[in-house]
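Working notes for the structure below.
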Amino acid sequence: MVRAVIRWEIAYGQAKEGIEGIEAMNAVCRDHGWAEWTAWAPISGKENDITLTCDYPDLATYVAQRDARFSDTDFMNAWRQCAEHAVQGSIWNEVLEPVPDLG
């Protein structure tokens, strides 16, 4: 399993619009049978941050869906709807894997 994580700071007063963009992205993902993103907000810590997580069975599936999303006009329009409400330079993207058994 791998987990994709995207974090960013939403510009103050624009959370509703950013969340609507996430919902639009997930609608496109649903239409294509791709994994959907779960949005998280901090209970404590930095305000106006949003974290998206998405789990995939393996790295190859993540890469295939990522590449398909990036080449899909509807998805990219929805992504831009999210990103236009991000504080410039705040988007952080990572892919995590479970800690290996070091036996």
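Chain lettering (A, B, ...) mirrors the order of the structure tokens, residue numbering begins at 1 for each chain separately, and ligand numbering begins at 1 in order of display.
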
Checklist entry - Which residues in stretch 19-75 of chain A does DSSP call strand (DSSP E or B)? List them as JSON, numbers by chain. => result {"A": [38, 39, 40, 49, 50, 51, 52, 53, 54, 55, 56]}

Once you have the residues from the selection above, write them out as a CSV table (one decimal), in the first residue's frame, restricted to N, CA and C atoms.
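Output (part.csv):
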chain,number,residue,atom,x,y,z
A,38,THR,N,-9.5,12.0,0.6
A,38,THR,CA,-10.2,12.4,1.9
A,38,THR,C,-9.5,13.6,2.4
A,39,ALA,N,-10.4,14.6,2.7
A,39,ALA,CA,-9.9,15.9,3.2
A,39,ALA,C,-9.9,15.9,4.7
A,40,TRP,N,-8.8,16.5,5.3
A,40,TRP,CA,-8.6,16.5,6.7
A,40,TRP,C,-8.3,18.0,7.1
A,49,ASP,N,-5.0,25.2,7.2
A,49,ASP,CA,-4.3,24.1,6.5
A,49,ASP,C,-5.3,23.0,6.1
A,50,ILE,N,-5.1,22.4,5.0
A,50,ILE,CA,-6.0,21.3,4.6
A,50,ILE,C,-5.0,20.2,4.1
A,51,THR,N,-5.3,19.0,4.5
A,51,THR,CA,-4.5,17.8,4.1
A,51,THR,C,-5.5,16.8,3.3
A,52,LEU,N,-5.0,16.4,2.2
A,52,LEU,CA,-5.7,15.4,1.4
A,52,LEU,C,-4.9,14.1,1.5
A,53,THR,N,-5.6,13.0,1.7
A,53,THR,CA,-5.0,11.7,1.7
A,53,THR,C,-5.7,10.8,0.7
A,54,CYS,N,-5.0,9.9,0.1
A,54,CYS,CA,-5.6,8.9,-0.8
A,54,CYS,C,-4.7,7.7,-0.8
A,55,ASP,N,-5.3,6.5,-0.6
A,55,ASP,CA,-4.6,5.2,-0.5
A,55,ASP,C,-4.7,4.5,-1.8
A,56,TYR,N,-3.6,3.8,-2.1
A,56,TYR,CA,-3.5,3.0,-3.3
A,56,TYR,C,-2.9,1.6,-2.9

Checklist entry - Leaving out A:Ala11 and any residue of its chain fewer than 3 positions from it, which residues lie within 12 Å of it when counting only C-alpha atoms, given as a PyMOL selection string? => result chain A and resi 8+14-19+47-50+82-91

For the residues selected in the previous step, produce a file with C-alpha atoms as an mmCIF file, in the first residue's frame.
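This is the output file part-v2.cif:
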data_model
loop_
_atom_site.group_PDB
_atom_site.id
_atom_site.type_symbol
_atom_site.label_atom_id
_atom_site.label_comp_id
_atom_site.auth_asym_id
_atom_site.auth_seq_id
_atom_site.Cartn_x
_atom_site.Cartn_y
_atom_site.Cartn_z
ATOM 1 C CA TRP A 8 -1.578 23.311 1.640
ATOM 2 C CA GLN A 14 -11.555 31.036 0.889
ATOM 3 C CA ALA A 15 -12.020 27.637 2.562
ATOM 4 C CA LYS A 16 -15.514 27.076 1.144
ATOM 5 C CA GLU A 17 -14.299 27.566 -2.411
ATOM 6 C CA GLY A 18 -11.277 25.325 -1.860
ATOM 7 C CA ILE A 19 -13.429 22.551 -0.432
ATOM 8 C CA GLU A 47 -4.991 27.217 10.973
ATOM 9 C CA ASN A 48 -6.321 27.200 7.401
ATOM 10 C CA ASP A 49 -4.320 24.093 6.493
ATOM 11 C CA ILE A 50 -5.952 21.279 4.597
ATOM 12 C CA CYS A 82 -8.678 24.029 -5.520
ATOM 13 C CA ALA A 83 -5.221 25.411 -6.132
ATOM 14 C CA GLU A 84 -6.363 28.941 -6.902
ATOM 15 C CA HIS A 85 -7.329 29.232 -3.215
ATOM 16 C CA ALA A 86 -3.972 27.961 -1.936
ATOM 17 C CA VAL A 87 -1.395 30.327 -0.511
ATOM 18 C CA GLN A 88 1.320 30.444 -3.153
ATOM 19 C CA GLY A 89 4.222 28.144 -2.342
ATOM 20 C CA SER A 90 2.357 26.254 0.396
ATOM 21 C CA ILE A 91 1.442 23.072 -1.519
#

Checklist entry - Given the choices A:Met1, A:Met25, A:Ile6, A:Glu94, which gets closest to A:Asn77 if the distance is worked out from only C-alpha atoms? => result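 When distances to A:Asn77 are compared using only C-alpha atoms, the smallest one comes from A:Met25.
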
Checklist entry - Where does DSSP see alpha helix (DSSP H) in chain A, if you list the residues as JSON, numbers by chain? => result {"A": [15, 16, 17, 18, 19, 20, 21, 22, 23, 24, 25, 26, 27, 28, 29, 30, 31, 32, 59, 60, 61, 62, 63, 64, 65, 66, 67, 68, 69, 70, 73, 74, 75, 76, 77, 78, 79, 80, 81, 82, 83]}

Residues from the last selection, N, CA and C atoms, saved as a short mmCIF file (atom, residue, chain, number, x, y, z; two decimals), in the first residue's frame:
data_model
loop_
_atom_site.label_atom_id
_atom_site.label_comp_id
_atom_site.auth_asym_id
_atom_site.auth_seq_id
_atom_site.Cartn_x
_atom_site.Cartn_y
_atom_site.Cartn_z
N ALA A 15 -11.92 29.08 2.30
CA ALA A 15 -12.02 27.64 2.56
C ALA A 15 -13.19 27.01 1.82
N LYS A 16 -14.34 27.64 1.81
CA LYS A 16 -15.51 27.08 1.14
C LYS A 16 -15.22 26.79 -0.32
N GLU A 17 -14.61 27.74 -1.00
CA GLU A 17 -14.30 27.57 -2.41
C GLU A 17 -13.27 26.46 -2.63
N GLY A 18 -12.27 26.39 -1.76
CA GLY A 18 -11.28 25.33 -1.86
C GLY A 18 -11.88 23.95 -1.66
N ILE A 19 -12.77 23.83 -0.70
CA ILE A 19 -13.43 22.55 -0.43
C ILE A 19 -14.35 22.17 -1.58
N GLU A 20 -15.00 23.15 -2.20
CA GLU A 20 -15.82 22.85 -3.38
C GLU A 20 -14.96 22.29 -4.50
N GLY A 21 -13.73 22.77 -4.61
CA GLY A 21 -12.81 22.24 -5.61
C GLY A 21 -12.45 20.79 -5.32
N ILE A 22 -12.25 20.46 -4.05
CA ILE A 22 -11.96 19.07 -3.67
C ILE A 22 -13.14 18.18 -4.04
N GLU A 23 -14.34 18.65 -3.76
CA GLU A 23 -15.53 17.87 -4.12
C GLU A 23 -15.62 17.67 -5.63
N ALA A 24 -15.25 18.69 -6.41
CA ALA A 24 -15.25 18.56 -7.87
C ALA A 24 -14.20 17.55 -8.33
N MET A 25 -13.01 17.58 -7.71
CA MET A 25 -11.97 16.59 -8.04
C MET A 25 -12.47 15.18 -7.77
N ASN A 26 -13.09 14.98 -6.61
CA ASN A 26 -13.57 13.65 -6.26
C ASN A 26 -14.68 13.19 -7.19
N ALA A 27 -15.51 14.10 -7.68
CA ALA A 27 -16.55 13.72 -8.64
C ALA A 27 -15.92 13.18 -9.92
N VAL A 28 -14.86 13.82 -10.39
CA VAL A 28 -14.15 13.34 -11.59
C VAL A 28 -13.52 11.97 -11.29
N CYS A 29 -12.89 11.85 -10.13
CA CYS A 29 -12.28 10.56 -9.75
C CYS A 29 -13.33 9.46 -9.73
N ARG A 30 -14.47 9.75 -9.14
CA ARG A 30 -15.56 8.77 -9.06
C ARG A 30 -16.02 8.35 -10.46
N ASP A 31 -16.17 9.33 -11.35
CA ASP A 31 -16.62 9.04 -12.72
C ASP A 31 -15.65 8.12 -13.46
N HIS A 32 -14.37 8.22 -13.13
CA HIS A 32 -13.35 7.42 -13.82
C HIS A 32 -12.99 6.14 -13.06
N LEU A 59 2.47 1.19 -5.63
CA LEU A 59 3.03 2.37 -6.28
C LEU A 59 2.63 2.45 -7.76
N ALA A 60 2.56 1.32 -8.43
CA ALA A 60 2.19 1.33 -9.85
C ALA A 60 0.78 1.87 -10.06
N THR A 61 -0.14 1.52 -9.18
CA THR A 61 -1.51 2.03 -9.28
C THR A 61 -1.53 3.53 -9.04
N TYR A 62 -0.78 3.98 -8.03
CA TYR A 62 -0.69 5.42 -7.77
C TYR A 62 -0.19 6.16 -9.01
N VAL A 63 0.91 5.69 -9.58
CA VAL A 63 1.51 6.37 -10.74
C VAL A 63 0.54 6.37 -11.93
N ALA A 64 -0.12 5.25 -12.17
CA ALA A 64 -1.06 5.17 -13.29
C ALA A 64 -2.22 6.15 -13.11
N GLN A 65 -2.77 6.21 -11.90
CA GLN A 65 -3.89 7.13 -11.67
C GLN A 65 -3.42 8.58 -11.66
N ARG A 66 -2.27 8.84 -11.11
CA ARG A 66 -1.72 10.20 -11.13
C ARG A 66 -1.55 10.69 -12.57
N ASP A 67 -0.94 9.87 -13.39
CA ASP A 67 -0.71 10.25 -14.78
C ASP A 67 -2.03 10.44 -15.53
N ALA A 68 -3.01 9.57 -15.25
CA ALA A 68 -4.32 9.70 -15.90
C ALA A 68 -5.01 10.98 -15.46
N ARG A 69 -4.93 11.31 -14.17
CA ARG A 69 -5.54 12.56 -13.67
C ARG A 69 -4.90 13.77 -14.32
N PHE A 70 -3.57 13.78 -14.39
CA PHE A 70 -2.86 14.93 -14.96
C PHE A 70 -3.18 15.14 -16.43
N THR A 73 -8.69 16.63 -18.64
CA THR A 73 -9.05 18.05 -18.60
C THR A 73 -10.00 18.37 -17.45
N ASP A 74 -11.01 17.53 -17.23
CA ASP A 74 -11.97 17.80 -16.15
C ASP A 74 -11.29 17.77 -14.79
N PHE A 75 -10.41 16.78 -14.60
CA PHE A 75 -9.71 16.72 -13.31
C PHE A 75 -8.82 17.95 -13.12
N MET A 76 -8.07 18.31 -14.14
CA MET A 76 -7.16 19.45 -14.02
C MET A 76 -7.92 20.75 -13.78
N ASN A 77 -9.08 20.91 -14.39
CA ASN A 77 -9.89 22.09 -14.11
C ASN A 77 -10.35 22.11 -12.66
N ALA A 78 -10.74 20.95 -12.13
CA ALA A 78 -11.14 20.86 -10.72
C ALA A 78 -9.94 21.12 -9.80
N TRP A 79 -8.76 20.58 -10.16
CA TRP A 79 -7.55 20.82 -9.36
C TRP A 79 -7.24 22.32 -9.32
N ARG A 80 -7.33 22.97 -10.47
CA ARG A 80 -7.07 24.41 -10.51
C ARG A 80 -8.07 25.18 -9.64
N GLN A 81 -9.31 24.69 -9.59
CA GLN A 81 -10.32 25.30 -8.73
C GLN A 81 -9.88 25.23 -7.27
N CYS A 82 -9.23 24.14 -6.88
CA CYS A 82 -8.68 24.03 -5.52
C CYS A 82 -7.46 24.93 -5.36
N ALA A 83 -6.52 24.77 -6.28
CA ALA A 83 -5.22 25.41 -6.13
C ALA A 83 -5.29 26.93 -6.18
#

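When only C-alpha atoms are used to compute distances to A:Arg7, the closest of the residues A:Glu97, A:Trp92, A:Leu102, A:Lys46 turns out to be A:Trp92.
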
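Picture a line from atom CA of A:Pro98 to atom CA of A:Arg3; it runs 8.7 Å.
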
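Reported to one decimal place, the separation of atom CA of A:Tyr12 from atom CA of A:Asn93 is 21.0 Å.
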
Checklist entry - Expressed in Å to a single decimal, how great is the separation between atom CA of A:Gly13 and atom CA of A:Pro42? => result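 We find that atom CA of A:Gly13 and atom CA of A:Pro42 lie 16.5 Å from each other.
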